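**Student:** Sharing protein-v1.txt here; it has compact mmCIF, C-alpha atoms.
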```txt
# COMPACT_ATOMS: atom_id res chain seq x y z
CA MET A 16 74.83 83.84 102.47
CA THR A 17 74.95 81.85 105.72
CA ARG A 18 76.92 78.66 106.10
CA ARG A 19 73.67 76.64 106.61
CA LEU A 20 72.09 78.00 103.41
CA LEU A 21 75.26 77.31 101.46
CA LEU A 22 75.29 73.68 102.62
CA VAL A 23 71.61 73.25 101.67
CA LEU A 24 72.21 74.62 98.16
CA LEU A 25 75.28 72.42 97.68
CA ALA A 26 73.33 69.35 98.74
CA SER A 27 70.52 70.20 96.32
CA VAL A 28 72.97 70.53 93.41
CA CYS A 29 74.59 67.21 94.25
CA LEU A 30 71.20 65.50 94.44
CA ALA A 31 70.14 66.92 91.07
CA LEU A 32 73.39 65.76 89.47
CA ALA A 33 72.98 62.29 90.96
CA VAL A 34 69.41 61.99 89.68
CA ALA A 35 70.41 63.14 86.19
CA SER A 36 73.33 60.72 86.13
CA GLY A 37 71.09 57.87 87.23
CA ALA A 38 68.52 58.72 84.55
CA ARG A 39 71.20 58.63 81.90
CA ALA A 40 72.50 55.32 83.18
CA GLN A 41 69.03 53.77 83.18
CA ALA A 42 67.88 55.19 79.84
CA PRO A 43 66.89 52.36 77.46
CA THR A 44 69.34 51.75 74.68
CA SER A 45 68.04 50.91 71.21
CA THR A 46 69.39 47.76 69.60
CA PRO A 47 70.98 48.53 66.22
CA GLN A 48 68.98 47.04 63.35
CA ALA A 49 70.65 43.96 61.99
CA PHE A 50 70.85 44.28 58.22
CA PRO A 51 71.43 41.21 56.06
CA VAL A 52 74.90 40.59 54.70
CA CYS A 53 75.54 39.29 51.19
CA THR A 54 77.78 39.34 48.15
CA ARG A 55 76.78 39.29 44.51
CA PRO A 56 78.11 35.71 44.04
CA GLU A 57 76.04 34.58 47.05
CA LEU A 58 72.91 36.14 45.57
CA GLN A 59 73.59 34.57 42.19
CA ALA A 60 74.09 31.17 43.82
CA ALA A 61 70.80 31.55 45.71
CA ALA A 62 68.91 32.50 42.53
CA ASP A 63 70.48 29.61 40.62
CA SER A 64 69.54 27.19 43.40
CA TYR A 65 65.93 28.39 43.25
CA VAL A 66 65.76 27.78 39.49
CA ALA A 67 67.25 24.31 39.97
CA ALA A 68 64.78 23.60 42.79
CA GLN A 69 61.83 24.74 40.68
CA LYS A 70 62.94 22.58 37.75
CA ALA A 71 63.20 19.54 40.00
CA GLY A 72 60.35 20.34 42.38
CA ASP A 73 62.89 19.81 45.14
CA VAL A 74 63.47 22.67 47.60
CA SER A 75 66.28 20.74 49.26
CA LYS A 76 68.46 22.19 46.49
CA MET A 77 68.20 25.54 48.29
CA ALA A 78 70.10 26.58 51.43
CA PHE A 79 67.58 27.92 53.95
CA ALA A 80 68.15 29.80 57.19
CA ASP A 81 66.84 28.28 60.43
CA LYS A 82 63.74 30.47 60.14
CA THR A 83 62.46 31.07 56.61
CA THR A 84 59.25 32.82 55.54
CA PHE A 85 57.31 31.57 52.51
CA LEU A 86 54.73 33.59 50.56
CA GLU A 87 52.81 32.86 47.38
CA ASN A 88 50.77 35.61 45.75
CA MET A 89 51.36 37.75 48.85
CA ALA A 90 49.71 35.23 51.17
CA ALA A 91 51.44 33.07 53.75
CA SER A 92 52.52 29.68 52.47
CA ASP A 93 54.98 27.08 53.69
CA LYS A 94 57.93 25.12 52.50
CA GLY A 95 55.96 21.98 51.74
CA THR A 96 52.98 23.35 49.79
CA GLY A 97 54.18 26.15 47.47
CA LEU A 98 54.56 25.74 43.71
CA TRP A 99 58.32 25.41 44.28
CA ASN A 100 57.55 21.75 45.15
CA THR A 101 56.21 21.09 41.64
CA PRO A 102 58.76 20.22 38.93
CA LEU A 103 58.38 22.62 36.02
CA PRO A 104 59.94 22.50 32.53
CA ILE A 105 61.34 26.02 32.63
CA ALA A 106 61.64 27.58 29.18
CA LEU A 107 63.19 30.87 30.34
CA SER A 108 64.63 32.25 33.55
CA ARG A 109 66.24 35.60 34.22
CA SER A 110 67.53 36.85 37.59
CA PHE A 111 68.46 40.24 39.05
CA LEU A 112 70.46 40.87 42.21
CA ASP A 113 70.33 43.62 44.83
CA THR A 114 73.47 43.65 46.97
CA THR A 115 72.19 46.53 49.13
CA ARG A 116 68.94 44.85 50.21
CA CYS A 117 70.32 41.31 49.79
CA LYS A 118 67.40 40.23 47.60
CA THR A 119 67.01 38.57 44.22
CA PHE A 120 64.23 38.56 41.65
CA THR A 121 63.82 35.74 39.14
CA GLU A 122 61.41 35.73 36.21
CA ILE A 123 60.40 32.23 35.08
CA VAL A 124 58.30 31.24 32.05
CA VAL A 125 56.78 27.76 31.58
CA THR A 126 55.00 26.89 28.33
CA GLU A 127 55.06 23.06 28.37
CA GLY A 128 54.05 20.32 30.80
CA GLY A 129 50.32 20.93 30.51
CA HIS A 130 50.17 24.02 32.75
CA PRO A 131 51.73 27.27 31.51
CA TYR A 132 53.02 29.79 34.05
CA ALA A 133 54.76 33.14 34.24
CA ILE A 134 56.32 33.46 37.69
CA GLY A 135 58.18 36.17 39.55
CA THR A 136 60.05 35.02 42.66
CA ARG A 137 62.04 36.99 45.19
CA LEU A 138 64.57 35.54 47.58
CA TYR A 139 65.79 37.30 50.70
CA VAL A 140 69.34 36.19 51.51
CA ASP A 141 71.58 36.60 54.56
CA ARG A 142 75.11 35.15 54.70
CA GLY A 143 74.34 32.72 51.91
CA LYS A 144 71.10 31.44 53.43
CA VAL A 145 67.59 32.11 52.12
CA THR A 146 65.43 33.76 54.77
CA ARG A 147 62.34 34.39 52.66
CA VAL A 148 60.77 33.08 49.44
CA ASP A 149 58.14 35.37 47.90
CA SER A 150 56.53 34.18 44.63
CA LEU A 151 53.93 35.71 42.36
CA VAL A 152 52.47 32.88 40.27
CA THR A 153 50.40 33.83 37.22
CA ASP A 154 48.52 31.44 34.95
CA LYS A 155 45.28 31.22 32.98
CA GLY A 156 42.75 33.78 34.21
CA ASP A 157 45.33 36.25 35.49
CA TRP A 158 45.72 39.70 33.98
CA LEU A 159 46.38 39.44 30.21
CA PHE A 160 48.07 36.07 30.72
CA ASN A 161 49.65 34.14 27.88
CA ALA A 162 52.88 32.26 28.62
CA THR A 163 53.55 31.52 24.94
CA ALA A 164 53.55 35.22 24.08
CA TYR A 165 55.50 36.05 27.23
CA LEU A 166 58.22 33.60 26.23
CA LYS A 167 58.24 34.72 22.61
CA TYR A 168 58.84 38.38 23.36
CA SER A 169 60.81 38.18 26.59
CA SER A 170 63.36 35.79 25.11
CA ALA A 171 63.89 38.11 22.12
CA GLU A 172 64.52 41.24 24.22
CA ASP A 173 67.87 42.64 25.28
CA TRP A 174 68.20 42.52 29.07
CA SER A 175 72.00 42.55 29.06
CA ALA A 176 73.91 44.86 31.37
CA PRO A 177 74.28 48.38 29.97
CA LYS A 178 77.77 49.70 29.47
CA PRO A 179 79.06 51.39 32.64
CA GLU A 180 78.60 54.87 31.18
CA ALA A 181 74.95 54.07 30.36
CA ARG A 182 74.03 52.95 33.88
CA VAL A 183 72.24 55.09 36.44
CA SER A 184 72.23 55.15 40.23
CA ALA A 185 69.94 53.07 42.41
CA GLN A 186 67.97 56.17 43.34
CA GLU A 187 67.43 57.08 39.69
CA LEU A 188 66.09 53.57 39.05
CA ILE A 189 63.72 53.91 42.01
CA ASN A 190 62.61 57.36 40.85
CA ALA A 191 61.86 56.08 37.34
CA ALA A 192 59.83 53.13 38.64
CA ASN A 193 57.90 55.37 41.01
CA ALA A 194 57.18 57.89 38.29
CA TYR A 195 55.73 55.16 36.06
CA LEU A 196 53.56 53.75 38.86
CA ASP A 197 52.49 57.22 40.00
CA LEU A 198 50.95 57.78 36.56
CA PHE A 199 48.06 55.54 37.59
CA SER A 200 46.97 58.17 40.12
CA ASP A 201 48.46 61.36 38.63
CA LYS A 202 48.45 61.68 34.86
CA PHE A 203 50.79 64.70 34.95
CA VAL A 204 53.83 62.87 36.33
CA SER A 205 56.95 63.04 34.17
CA VAL A 206 58.28 59.60 33.22
CA PRO A 207 61.69 59.02 31.57
CA TRP A 208 60.33 57.35 28.44
CA GLY A 209 62.91 55.92 26.08
CA ARG A 210 62.83 54.89 22.43
CA PRO A 211 62.61 52.15 21.53
CA CYS A 212 60.73 50.80 24.54
CA ALA A 213 58.43 47.78 24.80
CA ARG A 214 55.95 46.76 27.47
CA LEU A 215 55.15 43.09 28.13
CA GLU A 216 52.05 42.82 30.29
CA GLY A 217 51.19 39.24 31.19
CA GLY A 218 51.52 38.32 27.51
CA LEU A 219 50.26 41.49 25.82
CA TYR A 220 53.14 43.11 23.93
CA SER A 221 53.26 46.75 22.91
CA ASN A 222 55.79 46.45 20.06
CA ARG A 223 54.75 43.44 18.00
CA LYS A 224 55.79 45.25 14.81
CA LYS A 225 59.37 45.75 16.08
CA ASP A 226 59.17 49.49 15.52
CA PRO A 227 62.63 51.01 16.26
CA ASP A 228 60.89 54.17 17.47
CA ALA A 229 58.34 52.39 19.71
CA THR A 230 57.43 53.87 23.08
CA CYS A 231 56.07 52.41 26.33
CA GLU A 232 53.83 55.46 26.60
CA VAL A 233 50.89 53.48 25.26
CA GLY A 234 48.20 54.57 27.68
CA ILE A 235 47.30 54.34 31.35
CA PRO A 236 43.76 53.51 32.53
CA ALA A 237 41.58 56.55 33.18
CA GLY A 238 40.72 57.53 36.72
CA VAL A 239 42.74 57.38 39.92
CA LEU A 240 44.32 54.10 40.98
CA TYR A 241 46.93 54.08 43.70
CA ILE A 242 49.79 51.57 43.49
CA VAL A 243 50.65 50.76 47.10
CA ASN A 244 52.97 48.60 49.22
CA ARG A 245 55.86 49.20 46.84
CA ASP A 246 58.95 47.16 47.61
CA TYR A 247 62.11 47.38 45.52
CA ILE A 248 64.89 45.19 44.21
CA VAL A 249 67.52 47.31 42.49
CA ASP A 250 70.27 45.86 40.30
CA THR A 251 72.41 48.78 39.22
CA GLU A 252 74.83 46.58 37.26
CA GLN A 253 71.98 45.34 35.06
CA GLY A 254 70.13 48.66 34.99
CA VAL A 255 67.01 46.96 36.35
CA ILE A 256 64.52 47.59 39.14
CA ASN A 257 61.75 45.22 40.19
CA VAL A 258 58.80 46.44 42.24
CA PHE A 259 56.37 44.22 44.13
CA CYS A 260 53.18 46.15 44.90
CA ARG A 261 49.39 46.02 45.08
CA PHE A 262 46.83 47.80 42.95
CA GLY A 263 44.46 49.80 45.14
CA ASN A 264 43.87 48.31 48.57
CA SER A 265 46.98 47.60 50.64
CA THR A 266 45.69 44.21 51.84
CA THR A 267 43.27 43.00 49.17
CA GLY A 268 44.49 44.77 46.03
CA MET A 269 45.81 42.82 43.04
CA PRO A 270 49.35 41.50 43.74
CA ASP A 271 51.66 42.80 41.06
CA SER A 272 55.26 42.78 39.85
CA HIS A 273 56.67 45.50 37.62
CA THR A 274 60.20 45.14 36.25
CA PHE A 275 61.89 48.06 34.49
CA ARG A 276 65.12 48.29 32.50
CA LEU A 277 66.80 51.65 31.98
CA VAL A 278 69.65 52.63 29.68
CA ASN A 279 71.06 56.17 29.83
CA GLY A 280 68.32 57.01 32.29
CA LYS A 281 65.50 56.10 29.88
CA LEU A 282 63.02 53.21 30.00
CA THR A 283 63.67 50.50 27.43
CA ASN A 284 61.61 47.58 28.78
CA VAL A 285 58.72 47.04 31.17
CA HIS A 286 57.45 43.63 32.30
CA THR A 287 54.38 43.07 34.47
CA LEU A 288 52.88 40.07 36.24
CA SER A 289 49.52 40.66 37.91
CA VAL A 290 47.56 38.10 39.92
CA ASN A 291 43.76 38.06 39.67
CA MET A 292 42.51 37.20 43.16
CA ASN A 293 38.93 36.55 42.03
CA PRO A 294 38.74 33.21 40.17
CA ASN A 295 35.05 33.78 39.47
CA ALA A 296 35.88 36.81 37.33
CA PRO A 297 38.80 35.94 35.01
CA SER A 298 40.83 38.85 33.67
CA PRO A 299 41.17 39.63 29.95
CA GLN A 300 43.68 37.34 28.24
CA SER A 301 46.33 37.73 25.54
CA ASP A 302 46.73 35.60 22.43
CA ASP A 303 49.86 33.76 21.32
CA ASP A 304 50.95 36.72 19.23
CA GLY A 305 50.82 39.16 22.13
CA GLY A 306 47.51 40.79 21.19
CA ILE A 307 44.49 40.99 23.43
CA VAL A 308 41.69 38.44 23.10
CA ARG A 309 38.54 40.39 22.30
```
Just give me the structure of the file as structure tokens.
**Tutor:**
Amino acid sequence: MTRRLLLVLLASVCLALAVASGARAQAPTSTPQAFPVCTRPELQAAADSYVAAQKAGDVSKMAFADKTTFLENMAASDKGTGLWNTPLPIALSRSFLDTTRCKTFTEIVVTEGGHPYAIGTRLYVDRGKVTRVDSLVTDKGDWLFNATAYLKYSSAEDWSAPKPEARVSAQELINAANAYLDLFSDKFVSVPWGRPCARLEGGLYSNRKKDPDATCEVGIPAGVLYIVNRDYIVDTEQGVINVFCRFGNSTTGMPDSHTFRLVNGKLTNVHTLSVNMNPNAPSPQSDDDGGIVR
């Protein structure tokens, strides 16, 4: 190899190394995703402040971040117009906390004041500040609605925290909820049914006779119905998972909340709140005893 050829090859190698080094230096760097930060006491305080705000119709009782998103029935709302500005005589409230996702879910029942409601509200929390309020508001005309029955049966149920040895992991809670919701499209899915188990659907109750061997396996509508846009709040301490979702279409399907309680890996309670988006076609309703109005 001649001296000239050797110099040419050496120069080529140096140029290639310089180009590669420059490419690495100029390669775009991805910004790490900023996850919210929270503690269980912060989430509890946020949920409590929401209940107090809803009772008073005064959202100033809540600590909001500089930028907060507001949704009602899965549609954009704002701080000044949502139901949270209306004082409500709350008969029952129950909250669950997800310290991984920094979210809360609160179930509220209103039977007095002239306008009954059953409400499911989520809060997104970061460093003690609420960054999002997401409410599903059900009332007369919504799926199987009856606030009197909802209060009667929900208040009598056991939603206390299972003993530590009876709790399951977050993933097991998610799997159980998904299995239940998958039944609407695949009737061969295995669901961890427990006994006794009761389902409260808007106001319709599956165990009005207080059968100690009751099951939540009381029938799923025929046909194929996909439950989409599933979003989870998982409270492993309470053995509860809440799922916000839509029935059918991902943008126009019925907004829905399903809340499940598991003990020893088996379903013991299921609550649903489903919003009818067509006021000209009211959904079937429940009576005060938790039966369906025929």
**Student:** Compile the contact shell of A:Ser298 as an mmCIF file with C-alpha atoms, in the coordinates of the input: residues with an atom at most 10 Å away, counting all atoms listed in the file, same-chain residues fewer than 5 positions apart removed.
**Tutor:**
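Heads up, here's the output in part38.cif:
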```
data_model
loop_
_atom_site.group_PDB
_atom_site.id
_atom_site.type_symbol
_atom_site.label_atom_id
_atom_site.label_comp_id
_atom_site.auth_asym_id
_atom_site.auth_seq_id
_atom_site.Cartn_x
_atom_site.Cartn_y
_atom_site.Cartn_z
ATOM 1 C CA LYS A 155 45.280 31.220 32.980
ATOM 2 C CA GLY A 156 42.750 33.780 34.210
ATOM 3 C CA ASP A 157 45.330 36.250 35.490
ATOM 4 C CA TRP A 158 45.720 39.700 33.980
ATOM 5 C CA LEU A 159 46.380 39.440 30.210
ATOM 6 C CA PHE A 160 48.070 36.070 30.720
ATOM 7 C CA SER A 289 49.520 40.660 37.910
ATOM 8 C CA VAL A 290 47.560 38.100 39.920
ATOM 9 C CA ASN A 291 43.760 38.060 39.670
ATOM 10 C CA MET A 292 42.510 37.200 43.160
ATOM 11 C CA ASN A 293 38.930 36.550 42.030
#
```
**Student:** Write out as JSON, numbers by chain each polymer residue whose atoms come within 10 Å of A:Glu127, counting all atoms listed in the file; drop sequence neighbours fewer than 5 positions from it.
**Tutor:** {"A": [103, 104, 105, 106, 132, 162, 163]}
**Student:** With C-alpha atoms kept, could you save the residues just selected as a compact mmCIF listing (two decimals), keeping the file's coordinate frame?
**Tutor:**
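Saved result, part03.txt, follows:
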```txt
# COMPACT_ATOMS: atom_id res chain seq x y z
CA LEU A 103 58.38 22.62 36.02
CA PRO A 104 59.94 22.50 32.53
CA ILE A 105 61.34 26.02 32.63
CA ALA A 106 61.64 27.58 29.18
CA TYR A 132 53.02 29.79 34.05
CA ALA A 162 52.88 32.26 28.62
CA THR A 163 53.55 31.52 24.94
```
**Student:** In Å to one decimal, how far is atom CA of A:Asp226 from atom CA of A:Pro299?
**Tutor:**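 Straight-line distance from atom CA of A:Pro299 to atom CA of A:Asp226 works out to 25.1 Å.
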**Student:** Would you mind listing, for every residue of stretch 193-281 of chain A within 10 Å of stretch 82-102 of chain A, the two atoms forming the shortest contact and the distance between them in Å to one decimal, using all atoms listed in the file, sorted by chain and ascending residue number, as a tab-separated table?
**Tutor:**
```
residue	atom	partner	partner_atom	distance
A:Phe259	CA	A:Met89	CA	9.4
A:Cys260	CA	A:Met89	CA	9.5
A:Arg261	CA	A:Met89	CA	9.3
A:Thr266	CA	A:Met89	CA	9.1
A:Thr267	CA	A:Met89	CA	9.6
A:Met269	CA	A:Asn88	CA	9.2
A:Pro270	CA	A:Asn88	CA	6.4
A:Asp271	CA	A:Asn88	CA	8.6
```
**Student:** Can you work out which one of A:Ala71, A:Val285, A:Val243, A:Cys53 has the shortest atom-to-atom distance to A:Thr119, counting only C-alpha atoms?
**Tutor:**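 Using only C-alpha atoms, the shortest distance to A:Thr119 belongs to A:Cys53.
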**Student:** Which residues, written as a PDB file with C-alpha atoms, keeping the file's coordinate frame, have at least one atom at most 9 Å from A:Thr136, with only C-alpha atoms counted and residues fewer than 6 positions away on the same chain left out?
**Tutor:**
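And here is the file that came out, out-v9.pdb:
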```
ATOM      1  CA  TYR A  65      65.930  28.390  43.250  1.00  0.00           C
ATOM      2  CA  GLU A  87      52.810  32.860  47.380  1.00  0.00           C
ATOM      3  CA  THR A 119      67.010  38.570  44.220  1.00  0.00           C
ATOM      4  CA  PHE A 120      64.230  38.560  41.650  1.00  0.00           C
ATOM      5  CA  THR A 121      63.820  35.740  39.140  1.00  0.00           C
ATOM      6  CA  GLU A 122      61.410  35.730  36.210  1.00  0.00           C
ATOM      7  CA  ILE A 123      60.400  32.230  35.080  1.00  0.00           C
ATOM      8  CA  VAL A 148      60.770  33.080  49.440  1.00  0.00           C
ATOM      9  CA  ASP A 149      58.140  35.370  47.900  1.00  0.00           C
ATOM     10  CA  SER A 150      56.530  34.180  44.630  1.00  0.00           C
ATOM     11  CA  LEU A 151      53.930  35.710  42.360  1.00  0.00           C
ATOM     12  CA  VAL A 152      52.470  32.880  40.270  1.00  0.00           C
TER      13      VAL A 152
END
```
